[in-house]
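Peer 1: Before I ask anything, here is the structure I am working with.
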Protein chains: 2
Amino acid sequence: MDMDKAQKIGDRLVAHGIRRTPFRIELLQLFIESKSSLSHQEVKEKITSTKDKVTIYRALDNFLEKGLIHKVPDVNNVARYAVCPDNCAQEAHVHNHVHFVCESCEKTFCLDNVEVPSVQVPEGFNASSFSYTVTGLCKTCGGTA
Amino acid sequence: MDMDKAQKIGDRLVAHGIRRTPFRIELLQLFIESKSSLSHQEVKEKITSTKDKVTIYRALDNFLEKGLIHKVPDVNNVARYAVCPDNCAQEAHVHNHVHFVCESCEKTFCLDNVEVPSVQVPEGFNASSFSYTVTGLCKTCGGTA
DNA sequence: GCTTAAAATGCAACCATGTTGCAACATTGA
DNA sequence: TCAATGTTGCAACATGGTTGCATTTTAAGC
């Protein structure tokens, strides 16, 4: 791997209070280069620095907690993750965009340009976050070709 | 159980191409009387006519397929179900309302009066369904008390 | 009411996803 | 360099969900 890149990624880890280990560098790198989101399983298939699932689970939890990645919805109730934009603060995530889940390839896409419209919840409820997911067919699987 | 009620519920099963068995009557009854949605586990705890998890899983799948119930989102990636309104056709479900998931008690509520606002998906994507979920605190767990 | 096909049940075994505890090791800061 | 703390690896476990198959129940035709 390009050394400059590894250095930068390590810096980003450290900036989020995470240690600069080979595996975690590779993991963040993977997320950054991935077009769509990743499940634990997909991560495990692609990562070379470890084969231990627990290590991966823990790194994902940690990245999530430190605001490096966020959870995205999925068809089959399996957890999926995607990297947060760089300006995503630890406390206030700024990924209030709509997600698109393809029924065919089951990938999840972040529609970065589509904002989540707000709704008014009934009296008594106290809303803290909003999630909007569209299901259908993605470009490759036969959207409007 | 009230015999008239059992009869009516059985009719509803039959109307959806499902057989009138004691367990399935009890199951549909349970869904109808339940205020919020139910997970497989909650169903298992409340049902008396069977203790077999597979039977419950299969009935849930079947009800889902035949349009008697629908899936609702959940915090922990666990499947949850709720009855469809009576006018919910097998093909075109009419539950385009917003769901509310409580972070504290982890229950899911159907906000029947809050419609899902529509969004425009980017060129190339072909949307078929829309899901809007609000997370926060429900009435009992300390919404605006 | 009897017969029969299809649907529903029960059970055992299995799989996938995710978690816990603990010992060993690596990274960082003093 | 040394200690504190974060990270890794492994084994064992927990939960949610599935598959296959034999048996029973339901509904429909005679």
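Letters A, B, ... go to the chains of the structure tokens in the order shown; residues in each chain start at 1; ligands are counted from 1 in the same order.
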Do you have, as CSV, the list of residues of chain A lying at most 12 Å from chain C, each with its nearest atom pair and that distance in Å to one decimal, counting only C-alpha atoms (C1' of nucleotides) and ordered by chain then number?

Peer 2:
residue,atom,partner,partner_atom,distance
A:Val14,CA,C:DT28,C1',10.6
A:Gly17,CA,C:DT28,C1',11.2
A:Ile18,CA,C:DT27,C1',10.3
A:Arg19,CA,C:DT27,C1',6.8
A:Arg20,CA,C:DT27,C1',7.5
A:Thr21,CA,C:DT27,C1',7.9
A:Pro22,CA,C:DA26,C1',10.5
A:Phe23,CA,C:DA26,C1',11.9
A:Ser39,CA,C:DT17,C1',10.9
A:His40,CA,C:DT17,C1',9.2
A:Gln41,CA,C:DT17,C1',9.4
A:Lys53,CA,C:DG18,C1',9.6
A:Val54,CA,C:DT19,C1',8.7
A:Thr55,CA,C:DT19,C1',11.9
A:Ile56,CA,C:DG18,C1',11.2
A:Tyr57,CA,C:DG18,C1',8.1
A:Arg58,CA,C:DT19,C1',10.2
A:Asp61,CA,C:DG18,C1',11.5
A:Asn76,CA,C:DT17,C1',11.7
A:Asn77,CA,C:DT17,C1',10.4
A:Val78,CA,C:DT17,C1',8.1
A:Ala79,CA,C:DT17,C1',9.4

Peer 1: I'd like a table as JSON lines: residues in chain D with an atom no more than 10 Å from chain B, each row giving the shortest atom pair and its distance in Å to one decimal, only C-alpha atoms (C1' of nucleotides) counted, sorted by chain and rising residue number.

Peer 2:
{"residue": "D:DG16", "atom": "C1'", "partner": "B:Val78", "partner_atom": "CA", "distance": 7.8}
{"residue": "D:DG17", "atom": "C1'", "partner": "B:Tyr57", "partner_atom": "CA", "distance": 8.1}
{"residue": "D:DT18", "atom": "C1'", "partner": "B:Val54", "partner_atom": "CA", "distance": 8.7}
{"residue": "D:DT25", "atom": "C1'", "partner": "B:Thr21", "partner_atom": "CA", "distance": 8.2}
{"residue": "D:DT26", "atom": "C1'", "partner": "B:Arg19", "partner_atom": "CA", "distance": 6.8}
{"residue": "D:DA27", "atom": "C1'", "partner": "B:Arg19", "partner_atom": "CA", "distance": 8.4}

Peer 1: Per residue of chain B within 8 Å of chain A, which atom pair is closest and at what distance in Å (one decimal), using only C-alpha atoms, listed by chain and increasing number, as JSON lines?

Peer 2:
{"residue": "B:Asn77", "atom": "CA", "partner": "A:Asn77", "partner_atom": "CA", "distance": 4.6}
{"residue": "B:Val78", "atom": "CA", "partner": "A:Asn77", "partner_atom": "CA", "distance": 6.4}
{"residue": "B:Ala79", "atom": "CA", "partner": "A:Asn77", "partner_atom": "CA", "distance": 7.1}
{"residue": "B:Leu111", "atom": "CA", "partner": "A:Pro122", "partner_atom": "CA", "distance": 7.8}
{"residue": "B:Val114", "atom": "CA", "partner": "A:Val121", "partner_atom": "CA", "distance": 7.3}
{"residue": "B:Pro117", "atom": "CA", "partner": "A:Pro117", "partner_atom": "CA", "distance": 6.7}
{"residue": "B:Val119", "atom": "CA", "partner": "A:Val114", "partner_atom": "CA", "distance": 7.6}
{"residue": "B:Gln120", "atom": "CA", "partner": "A:Val114", "partner_atom": "CA", "distance": 7.5}
{"residue": "B:Val121", "atom": "CA", "partner": "A:Val114", "partner_atom": "CA", "distance": 7.3}
{"residue": "B:Pro122", "atom": "CA", "partner": "A:Leu111", "partner_atom": "CA", "distance": 7.8}
{"residue": "B:Glu123", "atom": "CA", "partner": "A:Thr144", "partner_atom": "CA", "distance": 7.5}
{"residue": "B:Gly124", "atom": "CA", "partner": "A:Lys139", "partner_atom": "CA", "distance": 4.9}
{"residue": "B:Phe125", "atom": "CA", "partner": "A:Gly143", "partner_atom": "CA", "distance": 4.7}
{"residue": "B:Asn126", "atom": "CA", "partner": "A:Gly143", "partner_atom": "CA", "distance": 4.4}
{"residue": "B:Ala127", "atom": "CA", "partner": "A:Gly136", "partner_atom": "CA", "distance": 4.3}
{"residue": "B:Ser128", "atom": "CA", "partner": "A:Gly136", "partner_atom": "CA", "distance": 4.7}
{"residue": "B:Ser129", "atom": "CA", "partner": "A:Thr135", "partner_atom": "CA", "distance": 5.1}
{"residue": "B:Phe130", "atom": "CA", "partner": "A:Val134", "partner_atom": "CA", "distance": 4.5}
{"residue": "B:Ser131", "atom": "CA", "partner": "A:Thr133", "partner_atom": "CA", "distance": 5.1}
{"residue": "B:Tyr132", "atom": "CA", "partner": "A:Tyr132", "partner_atom": "CA", "distance": 4.5}
{"residue": "B:Thr133", "atom": "CA", "partner": "A:Ser131", "partner_atom": "CA", "distance": 5.1}
{"residue": "B:Val134", "atom": "CA", "partner": "A:Phe130", "partner_atom": "CA", "distance": 4.5}
{"residue": "B:Thr135", "atom": "CA", "partner": "A:Ser129", "partner_atom": "CA", "distance": 5.1}
{"residue": "B:Gly136", "atom": "CA", "partner": "A:Ala127", "partner_atom": "CA", "distance": 4.3}
{"residue": "B:Leu137", "atom": "CA", "partner": "A:Asn126", "partner_atom": "CA", "distance": 5.0}
{"residue": "B:Cys138", "atom": "CA", "partner": "A:Phe125", "partner_atom": "CA", "distance": 4.8}
{"residue": "B:Lys139", "atom": "CA", "partner": "A:Gly124", "partner_atom": "CA", "distance": 4.9}
{"residue": "B:Gly142", "atom": "CA", "partner": "A:Asn126", "partner_atom": "CA", "distance": 7.7}
{"residue": "B:Gly143", "atom": "CA", "partner": "A:Asn126", "partner_atom": "CA", "distance": 4.4}
{"residue": "B:Thr144", "atom": "CA", "partner": "A:Gly124", "partner_atom": "CA", "distance": 4.9}
{"residue": "B:Ala145", "atom": "CA", "partner": "A:Gly124", "partner_atom": "CA", "distance": 6.3}

Peer 1: Provide the CA of Ser36 (chain A) to CA of Tyr81 (chain B) distance in Å, to one decimal place.

Peer 2: 28.4 Å

Peer 1: Would you mind reading off the distance between CA of His97 (chain B) and CA of Ala59 (chain B), one decimal, in Å?

Peer 2: 24.6 Å

Peer 1: Name the residues of chain A that come out as helix (DSSP H, G or I) in a backbone DSSP run; write them as an MDAnalysis selection string.

Peer 2: chainID A and resid 3:15 22:33 40:46 53:65

Peer 1: Would you work out the distance separating CA of Leu60 (chain A) from CA of Ile47 (chain A), expressed in Å to one decimal?

Peer 2: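 Going from CA of Leu60 (chain A) over to CA of Ile47 (chain A) covers 12.8 Å.
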